[in-house]
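Here the structure comes first, spelled out in structure tokens, and everything after it is commentary.
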Amino acid sequence: MVDYQTAVAKSLLDIAAVKLQPNDPFTWASGIKSPIYTDNRKTISFPDARRIIIDGLAALIKEQYPDVAVIGGVATAGIPHAAWVAEKLELPMIYVRSKPKDHGTGKQIEGLLASGQKVVLIDDLISTGGSVLGAVKATQDAGGEVLGVAAIFSYELPAATMNFAQAATPFSSLTNFSSLIQVAQQTGKITAEELTMIADWHRTLE
């Protein structure tokens with residue numbers, strides 16, 4: 001049985017989709033200084049990495065959401081992975097825009113979604129959950145029943161746990177912050193001292 005938490009974490013680090021710089025932190029859009037930066041859009045360019053991710057997401061969905069009828073991709077980063085997973089599971093696919101189109105029929109959801117169909121939404125990353133929960137609401141407003149959200153990576157922020165709980169929506173990720181920094185230290189990408197620095201930073205967000 002594949003340990004996707006470790007395998008996906010290693011892949012993300014190997015292709016530099018996740019970068020760790022505790023001594024030269026990144027600045028997030030929110031203004032937060034962070035020792036970690038995640039760009040999971042890079043995974044689409046690496047067949048080996050994306051294959052692990054597709055297999056992992058498909059396995060997660062089959063296990064946790066066996067009644068799923070439609071796979072949904074959250075625009076834009078979730079769309080390619082949703083397409084590959086839908087193909088692997090032989091299921092229909094939709095994708096959800098961040099907002100309705102400002103022309104034509106003004107649709108926010110592309111693809112066919114029948115009222116009452118059970119949907120799992122896929123995104124590349126969960127930080128606070130704000131953007132993907134917007135997609136959850138749009139899917140529900142269109143008549144879909146969202147069983148849950150599946151993501152490649154989660155920062156494990158308390159805000160996400162709270163926001164998903166308030167939205168009564170389960171979520172899962174293939175790997176997460178805790179697993180990733182452990183794999184980074186084990187594979188020599190960061191030192192034990194840097195691991196402590198990064199873990200201490202994460203605790204300040206709790």
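Residues in the structure tokens are numbered from 1 in each chain, the chains being A, B, ... in the order shown, and ligands are numbered from 1 in the order shown.
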- request: Find the residues around region 77-86 of chain A up to 8 Å (only C-alpha atoms counted), leave out those fewer than 5 positions away in its own chain, and share them as a list of chain:residue names.
  value: A:Asn40, A:Arg41, A:Ile44, A:Ile54, A:Asp55, A:Leu57, A:Ala58, A:Val70, A:Ile71, A:Gly72, A:Leu91, A:Pro92, A:Met93, A:Tyr95, A:Leu121, A:Ile122, A:Asp123, A:Asp124
task: Give me every strand (DSSP E or B) residue in region 29-93 of chain A, going by DSSP on the backbone, as a list in words.
output: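 Result set for region 29-93 of chain A (strand (DSSP E or B)): Lys33, Ser34, Ile36, Tyr37, Thr38, Val70, Ile71, Gly72, Gly73, Val74 and Met93 of chain A.
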- request: Might you pull out every residue within 9 Å of Ser179 (chain A), with only C-alpha atoms counted and same-chain residues fewer than 5 positions away left off, and present them as a ChimeraX atom specification?
  value: /A:5-6,9,184
message: One number please: CA of Ser30 (chain A) to CA of Lys107 (chain A), in Å, one decimal.
response: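 Between these atoms lies a distance of 29.1 Å.
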task: Find the residue from A:Val96, A:Ala114, A:Val120, A:Ile126 that sits nearest to Ala138 (chain A); use only C-alpha atoms when measuring.
output: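 Once distances to Ala138 (chain A) are computed over only C-alpha atoms, the minimum belongs to A:Val96.
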message: Can you tell me, as a list in words, which residues in region 60-118 of chain A count as helix (DSSP H, G or I) by DSSP?
response: Leu60, Ile61, Lys62, Glu63, Gln64, Ile79, Pro80, His81, Ala82, Ala83, Trp84, Val85, Ala86, Glu87, Lys88 and Leu89 of chain A
Restricted to C-alpha atoms, what would the selected residues look like written as a compact mmCIF listing (two decimals), in the first residue's frame?
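Result file again.txt:
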# COMPACT_ATOMS: atom_id res chain seq x y z
CA LEU A 60 -8.69 8.93 -1.37
CA ILE A 61 -11.97 9.66 -3.14
CA LYS A 62 -12.86 5.98 -3.59
CA GLU A 63 -12.20 5.34 0.09
CA GLN A 64 -13.81 8.42 1.65
CA ILE A 79 -8.94 21.76 -13.05
CA PRO A 80 -6.17 19.58 -14.57
CA HIS A 81 -6.07 17.23 -11.60
CA ALA A 82 -9.86 16.94 -11.59
CA ALA A 83 -9.75 16.03 -15.29
CA TRP A 84 -7.17 13.29 -14.75
CA VAL A 85 -8.95 11.91 -11.68
CA ALA A 86 -12.34 11.94 -13.43
CA GLU A 87 -10.78 9.99 -16.28
CA LYS A 88 -9.20 7.47 -13.90
CA LEU A 89 -12.46 6.98 -12.01
query: Do you know which residues are at most 9 Å from Leu12 (chain A) counting only C-alpha atoms, after dropping those on the same chain fewer than 3 positions away, and could you put them as a ChimeraX atom specification?
result: /A:7-9,15-19,38,40,42-43,49,180
- line: Here CA of Ser98 (chain A) and CA of Ala59 (chain A) stand apart by 26.8 Å
message: Residues near region 135-137 of chain A, anyone? I mean within 10 Å using only C-alpha atoms, not counting same-chain ones fewer than 3 positions away, as an MDAnalysis selection string.
response: chainID A and resid 72:75 95:99 108:109 119:121 123 130:132 140:149 167 169
field: Residue nearest Phe164 (chain A) - candidates A:Arg50, A:Ile190, A:Thr128, A:Ala199, atoms counted: only C-alpha atoms
entry: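 The answer is A:Thr128, which sits nearest to Phe164 (chain A).
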message: If we count only C-alpha atoms and set the cut-off at 12 Å, which residues sit around Met162 (chain A), ignoring sequence neighbours fewer than 3 positions away in its own chain? Please answer as a ChimeraX atom specification.
response: /A:127-130,133,156-159,165-171,206
Write the residues of the preceding selection, restricted to C-alpha atoms, as a PDB file, in the first residue's frame.
ATOM      1  CA  SER A 127      -4.632  27.328   3.379  1.00  0.00           C
ATOM      2  CA  THR A 128      -7.667  28.901   5.086  1.00  0.00           C
ATOM      3  CA  GLY A 129     -10.145  27.234   2.729  1.00  0.00           C
ATOM      4  CA  GLY A 130     -11.747  30.477   1.584  1.00  0.00           C
ATOM      5  CA  LEU A 133     -15.431  26.967   0.064  1.00  0.00           C
ATOM      6  CA  GLU A 156      -2.920  22.570   8.494  1.00  0.00           C
ATOM      7  CA  LEU A 157      -4.043  26.008   9.606  1.00  0.00           C
ATOM      8  CA  PRO A 158      -6.651  26.171  12.385  1.00  0.00           C
ATOM      9  CA  ALA A 159      -8.568  28.702  10.279  1.00  0.00           C
ATOM     10  CA  ALA A 165     -16.550  23.005  10.037  1.00  0.00           C
ATOM     11  CA  GLN A 166     -18.725  26.112   9.750  1.00  0.00           C
ATOM     12  CA  ALA A 167     -19.513  25.149   6.151  1.00  0.00           C
ATOM     13  CA  ALA A 168     -20.297  21.565   7.271  1.00  0.00           C
ATOM     14  CA  THR A 169     -17.955  20.293   4.553  1.00  0.00           C
ATOM     15  CA  PRO A 170     -15.350  17.541   5.097  1.00  0.00           C
ATOM     16  CA  PHE A 171     -11.901  17.982   3.569  1.00  0.00           C
ATOM     17  CA  GLU A 206      -2.379  28.564  15.673  1.00  0.00           C
TER      18      GLU A 206
END
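Coordinates place CA of Asp3 (chain A) at a distance of 14.8 Å from CA of Ser172 (chain A).
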- request: Please provide the set of residues having any atom within 7 Å of Asn176 (chain A), restricted to only C-alpha atoms, with same-chain residues fewer than 5 positions apart removed, written as a ChimeraX atom specification.
  value: /A:153-156
Pull N, CA, C and O atoms from the residues just selected and write them as a compact mmCIF listing (two decimals), in the first residue's frame.
# COMPACT_ATOMS: atom_id res chain seq x y z
N PHE A 153 -2.33 19.36 -0.99
CA PHE A 153 -1.54 19.77 0.18
C PHE A 153 -2.36 20.68 1.07
O PHE A 153 -3.16 21.49 0.60
N SER A 154 -2.16 20.55 2.38
CA SER A 154 -2.80 21.43 3.34
C SER A 154 -1.75 22.03 4.27
O SER A 154 -0.85 21.32 4.73
N TYR A 155 -1.88 23.32 4.54
CA TYR A 155 -0.99 23.98 5.49
C TYR A 155 -1.34 23.64 6.94
O TYR A 155 -0.63 24.05 7.85
N GLU A 156 -2.46 22.94 7.14
CA GLU A 156 -2.92 22.57 8.49
C GLU A 156 -3.14 23.80 9.37
O GLU A 156 -2.76 23.82 10.56
Which residue of A:Gln21, A:Ser115, A:Tyr4, A:Ile94 approaches Thr191 (chain A) most closely, using only C-alpha atoms: A:Gln21
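Closest approach to Ile53 (chain A) among A:Thr187, A:Asn163, A:Thr175, A:Ile36: A:Thr175, based on only C-alpha atoms.
Distance annotation: of A:Val68, A:Leu13, A:Ala160, A:Val2, the residue with the minimal separation from Gln117 (chain A) is A:Val68; atom set is only C-alpha atoms.
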